[in-house]
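Novice: Questions regarding the structure given below will be posed in turn.
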Amino acid sequence: MTQSARPGPVHVTGELLATKKIGAYHHLTLVAPGVAEGFRPGNFLAVSVSESRLARRSFWIHRVKPVGGYGAALELVVEAVGPGTTWLTRLAPGARLEVTGPLGRPFALPKEPVSCVLVGEGYAAAPLFPLAERLRERGCTVTLVVAGPDEAHLLSALEARRSARAVTVVTGDGSVGRRGMVADAIDEVLTKAAAEVVYAAGPVPTLHAVAAAAEAHGAWSQTALERPLTCATGLCHGCAVPVVGEAGISRTARACVDGPVLRGDRVRWTDLRTDLSAEPVADR
Amino acid sequence: MTDLAGLRLASPVLVASGCGGTGRELAAYGPLADLGGFVTRTLTLNARLGGPQPRILETPSGLVHAVGLQNPGLEGFLATELPWLAQQGTRIVVSIAGSSLGEYAELARRLGGSPGVSAIEVNLSSPDAPTTGVFDVREPFHAASVIAAVHRDLPRGVPVLAKLRADVVRVVESARTVLDAGAAAVVVGNALPAAMPDGRQAGLSGPAILPVALRCVADLRAELPDAEVVGVGGITTAEDARSFLAAGATAVQIGTALLHDPTTAARVAAELRDGVPLHTGTSTSTD
């Protein structure tokens, strides 16, 4: 244990302060004593969505902000896609929530002021905004790629322009920015930025494309995986990710505690995608 | 204090196999020393990567799971997990499964001689045994041969716990057989055999199965009054734990509830220790 050790995760009762719908997503602001103190970009929060639904629902922590009288509040970005997330987005301010956090291994920060490209697709772009702030504090050049199927699923593109030197917006339907997928745009962005470190958060195929592009450019990549997490705390071994370990040995990592941020060159993407092809639509 | 299978436990509340990670993850929420013991996830002789996705799905008041016994194998456990666990001030119970009697015997021999191992829990009831390749214990005499093999190779003072499935029809017969073969206590019960939506073999755990496990414990008390029984299955509250203790269990294990709230075991142990009244206020707890 070192003196600088951060406080670990806590399991506490939080309170919902506000819910605001922006585009396709709900931005939830809540207070949860002890969570904000240990937050680093890439951490997430696990939320209980009733006594009879046993699996936790996990969300990226989008930002930590001071709120009068409450200390620090957390902001989560939630897309209502299943019974748990729908319940959550309909809660009235003042509702109590059982939450656990901050959880997971966060983004690793470079020691030198290097050129960084941050790629976020859909609500998964949430952790990249606090990351961009930390990188700029360290003197890094930040280039952002914000992507989504359409404008409604683009997270805070306006704010992105404030927190980065250059922003590329990619939408599947071309409603904003360039039309297509992240995979189509990433090479050009990495070249233009002379990227040395690439951070990505989004669906697995996007992370795979970014990790491959980073490798081709000789850049380090840090990929934030979103998997359905049952316990979210490392207890159940449900969120398996096939990886290549230290000595080149294949092993199974847990997305919740060994990740969610993993080195892009360590994930066995092809095996992961084969494994996920059998998965039903996440019932969140 | 609780006495189980000749061991003195700090609390009647233990962590059930497969629900406490490596122990370190759970310890982030409270010292393991406050608990009666920590049962490891099931270890096999060789490391196992585990099964395909999805591994765990939610069902009403339950989880259906087919993790496929992911574990670091005996060597990995001894090198990277046991040394830390042994320093936590709680009883370490190692859960094991093998694909042959020889594997069970080797696991028992190596673990029984390792400092810090208080007891061995033999997983005789893995709900997806055929797909994982571990010995499929279907008949009580199979269970007896496994227990005998483990018991023979353990030093004195390291008891064997036999984890049975909560099969109400056969649990008494199974318990009698494994106790005769050398088990010091039975643990009832494992996940109920179930299936994933795609038909893969799986187990069902959580509050949904509590009444079934409780029935097994009650039947064991009635038929084998001298048997030491550990109750497990869906326990979430101190009230649940008291039901198992009142039905004849010496101790209880908490599993699935930890996946929903990692503080559950510590909370239940504290409530049992501090004797929180069964009923608070004037209402009865029928809700």
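If you're wondering about the labels, chains in the structure tokens are A, B, ... by order shown, residues count from 1 in each chain, ligands from 1 in order shown.
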Excluding same-chain residues fewer than 3 positions from Ile56 (chain B), what lies within 7 Å of it counting only C-alpha atoms, as a PyMOL selection string?
Specialist: (chain A and resi 230+238) or (chain B and resi 63-66)
Novice: For Gly34 (chain A), find every residue with an atom within 8 Å (counting only C-alpha atoms), except residues of its own chain fewer than 2 positions away, and show them as a ChimeraX atom specification.
Specialist: /A:9-10,32,36-38
Novice: Set out as JSON lines a contact list for chain A and chain B with a cut-off of 8 Å, giving each residue of chain A that qualifies its closest atom pair and distance in Å to one decimal, counting only C-alpha atoms, ordered by chain and rising residue number.
Specialist:
{"residue": "A:Gly8", "atom": "CA", "partner": "B:Ala28", "partner_atom": "CA", "distance": 6.6}
{"residue": "A:Pro9", "atom": "CA", "partner": "B:Ala28", "partner_atom": "CA", "distance": 6.9}
{"residue": "A:Val10", "atom": "CA", "partner": "B:Tyr29", "partner_atom": "CA", "distance": 6.6}
{"residue": "A:His11", "atom": "CA", "partner": "B:Thr263", "partner_atom": "CA", "distance": 7.2}
{"residue": "A:Ser48", "atom": "CA", "partner": "B:His260", "partner_atom": "CA", "distance": 7.0}
{"residue": "A:Glu51", "atom": "CA", "partner": "B:Ser61", "partner_atom": "CA", "distance": 7.6}
{"residue": "A:Ser52", "atom": "CA", "partner": "B:Ser61", "partner_atom": "CA", "distance": 4.4}
{"residue": "A:Arg53", "atom": "CA", "partner": "B:Ser61", "partner_atom": "CA", "distance": 6.0}
{"residue": "A:Leu54", "atom": "CA", "partner": "B:His260", "partner_atom": "CA", "distance": 5.4}
{"residue": "A:Ala55", "atom": "CA", "partner": "B:Glu58", "partner_atom": "CA", "distance": 6.1}
{"residue": "A:Arg56", "atom": "CA", "partner": "B:His260", "partner_atom": "CA", "distance": 6.3}
{"residue": "A:Thr230", "atom": "CA", "partner": "B:Leu259", "partner_atom": "CA", "distance": 6.9}
{"residue": "A:Cys231", "atom": "CA", "partner": "B:Leu259", "partner_atom": "CA", "distance": 4.3}
{"residue": "A:Ala232", "atom": "CA", "partner": "B:Leu259", "partner_atom": "CA", "distance": 7.8}
{"residue": "A:Thr233", "atom": "CA", "partner": "B:Glu25", "partner_atom": "CA", "distance": 6.6}
{"residue": "A:Gly234", "atom": "CA", "partner": "B:Gly21", "partner_atom": "CA", "distance": 5.7}
{"residue": "A:Leu235", "atom": "CA", "partner": "B:Gly21", "partner_atom": "CA", "distance": 3.7}
{"residue": "A:Cys236", "atom": "CA", "partner": "B:Cys19", "partner_atom": "CA", "distance": 5.4}
{"residue": "A:His237", "atom": "CA", "partner": "B:Val67", "partner_atom": "CA", "distance": 6.9}
{"residue": "A:Gly238", "atom": "CA", "partner": "B:Arg55", "partner_atom": "CA", "distance": 5.3}
{"residue": "A:Cys239", "atom": "CA", "partner": "B:Arg55", "partner_atom": "CA", "distance": 7.5}
{"residue": "A:Ala240", "atom": "CA", "partner": "B:Gln53", "partner_atom": "CA", "distance": 7.6}
{"residue": "A:Arg251", "atom": "CA", "partner": "B:Leu49", "partner_atom": "CA", "distance": 6.3}
{"residue": "A:Thr252", "atom": "CA", "partner": "B:Leu49", "partner_atom": "CA", "distance": 5.7}
{"residue": "A:Asp275", "atom": "CA", "partner": "B:Gln53", "partner_atom": "CA", "distance": 5.9}
{"residue": "A:Leu276", "atom": "CA", "partner": "B:Gln53", "partner_atom": "CA", "distance": 6.4}
{"residue": "A:Ala278", "atom": "CA", "partner": "B:Gln53", "partner_atom": "CA", "distance": 7.1}
{"residue": "A:Glu279", "atom": "CA", "partner": "B:Pro54", "partner_atom": "CA", "distance": 5.8}
{"residue": "A:Pro280", "atom": "CA", "partner": "B:Pro54", "partner_atom": "CA", "distance": 7.9}
Novice: Could you write out, as a ChimeraX atom specification, all the residues of region 66-201 of chain B that DSSP marks as helix (DSSP H, G or I)?
Specialist: /B:73-80,82-85,101-112,129-132,140-152,171-180
Novice: Write a file of the just-selected residues containing C-alpha atoms, as a PDB file, in the first residue's frame.
Specialist:
ATOM      1  CA  GLY B  73      -5.568 -24.430 -11.883  1.00  0.00           C
ATOM      2  CA  LEU B  74      -3.884 -25.834  -8.794  1.00  0.00           C
ATOM      3  CA  GLU B  75      -0.431 -24.364  -9.475  1.00  0.00           C
ATOM      4  CA  GLY B  76      -1.784 -20.924 -10.298  1.00  0.00           C
ATOM      5  CA  PHE B  77      -3.916 -20.918  -7.179  1.00  0.00           C
ATOM      6  CA  LEU B  78      -1.081 -22.007  -4.904  1.00  0.00           C
ATOM      7  CA  ALA B  79       1.270 -19.416  -6.393  1.00  0.00           C
ATOM      8  CA  THR B  80      -0.958 -16.379  -6.806  1.00  0.00           C
ATOM      9  CA  LEU B  82      -3.598 -18.875  -1.565  1.00  0.00           C
ATOM     10  CA  PRO B  83      -0.714 -16.892  -0.004  1.00  0.00           C
ATOM     11  CA  TRP B  84      -2.878 -13.768   0.128  1.00  0.00           C
ATOM     12  CA  LEU B  85      -6.005 -15.623   1.247  1.00  0.00           C
ATOM     13  CA  LEU B 101     -10.498 -40.035  -8.975  1.00  0.00           C
ATOM     14  CA  GLY B 102      -6.756 -39.619  -9.438  1.00  0.00           C
ATOM     15  CA  GLU B 103      -7.189 -35.886  -9.998  1.00  0.00           C
ATOM     16  CA  TYR B 104      -9.317 -35.543  -6.878  1.00  0.00           C
ATOM     17  CA  ALA B 105      -6.670 -37.396  -4.890  1.00  0.00           C
ATOM     18  CA  GLU B 106      -3.866 -35.201  -6.204  1.00  0.00           C
ATOM     19  CA  LEU B 107      -5.807 -32.012  -5.492  1.00  0.00           C
ATOM     20  CA  ALA B 108      -6.486 -33.253  -1.960  1.00  0.00           C
ATOM     21  CA  ARG B 109      -2.864 -34.222  -1.360  1.00  0.00           C
ATOM     22  CA  ARG B 110      -1.423 -30.914  -2.565  1.00  0.00           C
ATOM     23  CA  LEU B 111      -4.024 -28.659  -0.981  1.00  0.00           C
ATOM     24  CA  GLY B 112      -4.215 -30.577   2.279  1.00  0.00           C
ATOM     25  CA  ALA B 129     -20.443 -31.078 -15.264  1.00  0.00           C
ATOM     26  CA  PRO B 130     -20.693 -32.944 -18.596  1.00  0.00           C
ATOM     27  CA  THR B 131     -19.771 -29.848 -20.626  1.00  0.00           C
ATOM     28  CA  THR B 132     -16.847 -28.999 -18.349  1.00  0.00           C
ATOM     29  CA  PRO B 140     -24.624 -41.492  -4.569  1.00  0.00           C
ATOM     30  CA  PHE B 141     -22.016 -44.262  -4.962  1.00  0.00           C
ATOM     31  CA  HIS B 142     -20.108 -42.042  -7.416  1.00  0.00           C
ATOM     32  CA  ALA B 143     -20.092 -39.340  -4.784  1.00  0.00           C
ATOM     33  CA  ALA B 144     -18.930 -41.797  -2.168  1.00  0.00           C
ATOM     34  CA  SER B 145     -15.962 -42.904  -4.264  1.00  0.00           C
ATOM     35  CA  VAL B 146     -14.891 -39.272  -4.787  1.00  0.00           C
ATOM     36  CA  ILE B 147     -15.232 -38.389  -1.110  1.00  0.00           C
ATOM     37  CA  ALA B 148     -13.315 -41.506  -0.098  1.00  0.00           C
ATOM     38  CA  ALA B 149     -10.489 -40.653  -2.515  1.00  0.00           C
ATOM     39  CA  VAL B 150     -10.226 -37.088  -1.174  1.00  0.00           C
ATOM     40  CA  HIS B 151     -10.570 -38.096   2.470  1.00  0.00           C
ATOM     41  CA  ARG B 152      -7.850 -40.743   2.172  1.00  0.00           C
ATOM     42  CA  VAL B 171     -30.551 -35.434  -0.855  1.00  0.00           C
ATOM     43  CA  VAL B 172     -30.930 -37.611   2.259  1.00  0.00           C
ATOM     44  CA  GLU B 173     -29.605 -40.706   0.482  1.00  0.00           C
ATOM     45  CA  SER B 174     -26.725 -38.692  -1.027  1.00  0.00           C
ATOM     46  CA  ALA B 175     -25.820 -37.132   2.310  1.00  0.00           C
ATOM     47  CA  ARG B 176     -25.876 -40.459   4.142  1.00  0.00           C
ATOM     48  CA  THR B 177     -23.566 -41.980   1.533  1.00  0.00           C
ATOM     49  CA  VAL B 178     -20.964 -39.180   1.541  1.00  0.00           C
ATOM     50  CA  LEU B 179     -20.949 -38.966   5.341  1.00  0.00           C
ATOM     51  CA  ASP B 180     -20.297 -42.720   5.503  1.00  0.00           C
TER      52      ASP B 180
END
Novice: Nearest residue to Ala200 (chain A) out of A:Glu215, A:Leu155, A:Val117, A:Val167, using only C-alpha atoms?
Specialist: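 Ranked by minimum distance to Ala200 (chain A), first place goes to A:Val117.
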Novice: Might you pull out every residue within 10 Å of Ala194 (chain A), with only C-alpha atoms counted and same-chain residues fewer than 5 positions away left off, and present them as a list in words?
Specialist: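 Surrounding residues, per the criterion: Val114, Ser115, Cys116, Val117, Glu188, Val189, His217, Gly218 and Ala219 of chain A.
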Novice: Considering only C-alpha atoms, state which residue in the set A:Thr171, A:Gln222, A:Asn43, A:Thr206 is at the smallest distance from Pro149 (chain A).
Specialist: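 Ranked by minimum distance to Pro149 (chain A), first place goes to A:Thr171.
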Novice: Restricting the calculation to only C-alpha atoms: of B:Ile235, B:Ala269, B:Ala97, B:Ala246, which residue gets closest to Leu43 (chain B)?
Specialist: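 Ranked by minimum distance to Leu43 (chain B), first place goes to B:Ala97.
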Novice: From the list B:Arg242, B:Arg267, B:Arg156, B:Arg215, which residue is nearest Gly189 (chain B) when using only C-alpha atoms?
Specialist: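 Of B:Arg242, B:Arg267, B:Arg156, B:Arg215, the one nearest Gly189 (chain B) is B:Arg215, counting only C-alpha atoms.
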Novice: Would you list the contacts of Ile209 (chain B) as a ChimeraX atom specification, taking every protein, DNA or RNA residue within 7 Å and counting only C-alpha atoms, but skipping same-chain residues closer than 4 positions in sequence?
Specialist: /B:205,213,233-234
Novice: Take the residues just selected and output them with C-alpha atoms as a PDB file, in the first residue's frame.
Specialist:
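Generated output (result-v3.pdb):
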ATOM      1  CA  SER B 205     -29.076 -19.756  -8.338  1.00  0.00           C
ATOM      2  CA  ALA B 213     -32.519 -25.555  -0.462  1.00  0.00           C
ATOM      3  CA  GLY B 233     -29.165 -21.148  -1.771  1.00  0.00           C
ATOM      4  CA  GLY B 234     -30.536 -17.677  -2.269  1.00  0.00           C
TER       5      GLY B 234
END
Novice: List the spatial neighbours of region 158-163 of chain B as JSON, numbers by chain - criterion: any atom at most 9 Å away, only C-alpha atoms, same-chain residues fewer than 5 positions off excluded.
Specialist: {"B": [5, 6, 7, 93, 95, 112, 117, 118, 119, 120, 121, 122, 123, 124, 125, 143, 147, 150, 151, 175, 178, 179, 182, 183, 184, 185, 186, 187, 188, 189, 190, 230]}
Novice: Would you kindly return, as a ChimeraX atom specification, each protein, DNA or RNA residue with an atom no farther than 8 Å from any atom of Val176 (chain A), considering only C-alpha atoms and excluding same-chain residues fewer than 5 positions away?
Specialist: /A:150-151,169-171
Novice: What's the separation between CA of Arg136 (chain A) and CA of Ala160 (chain A), in Å to one decimal place?
Specialist: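 Answer for the CA of Arg136 (chain A) to CA of Ala160 (chain A) separation: 13.0 Å.
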Novice: Run DSSP on the backbone of this structure and report the residues of region 61-101 of chain A it assigns to strand (DSSP E), as a VMD selection string.
Specialist: chain A and resid 61 to 67 71 to 78 96 to 101
Novice: Select, from B:Leu4, B:Leu35, B:Leu45, B:Ala218, the residue with the minimum atom-to-atom distance to Thr90 (chain B), counting only C-alpha atoms.
Specialist: B:Leu35
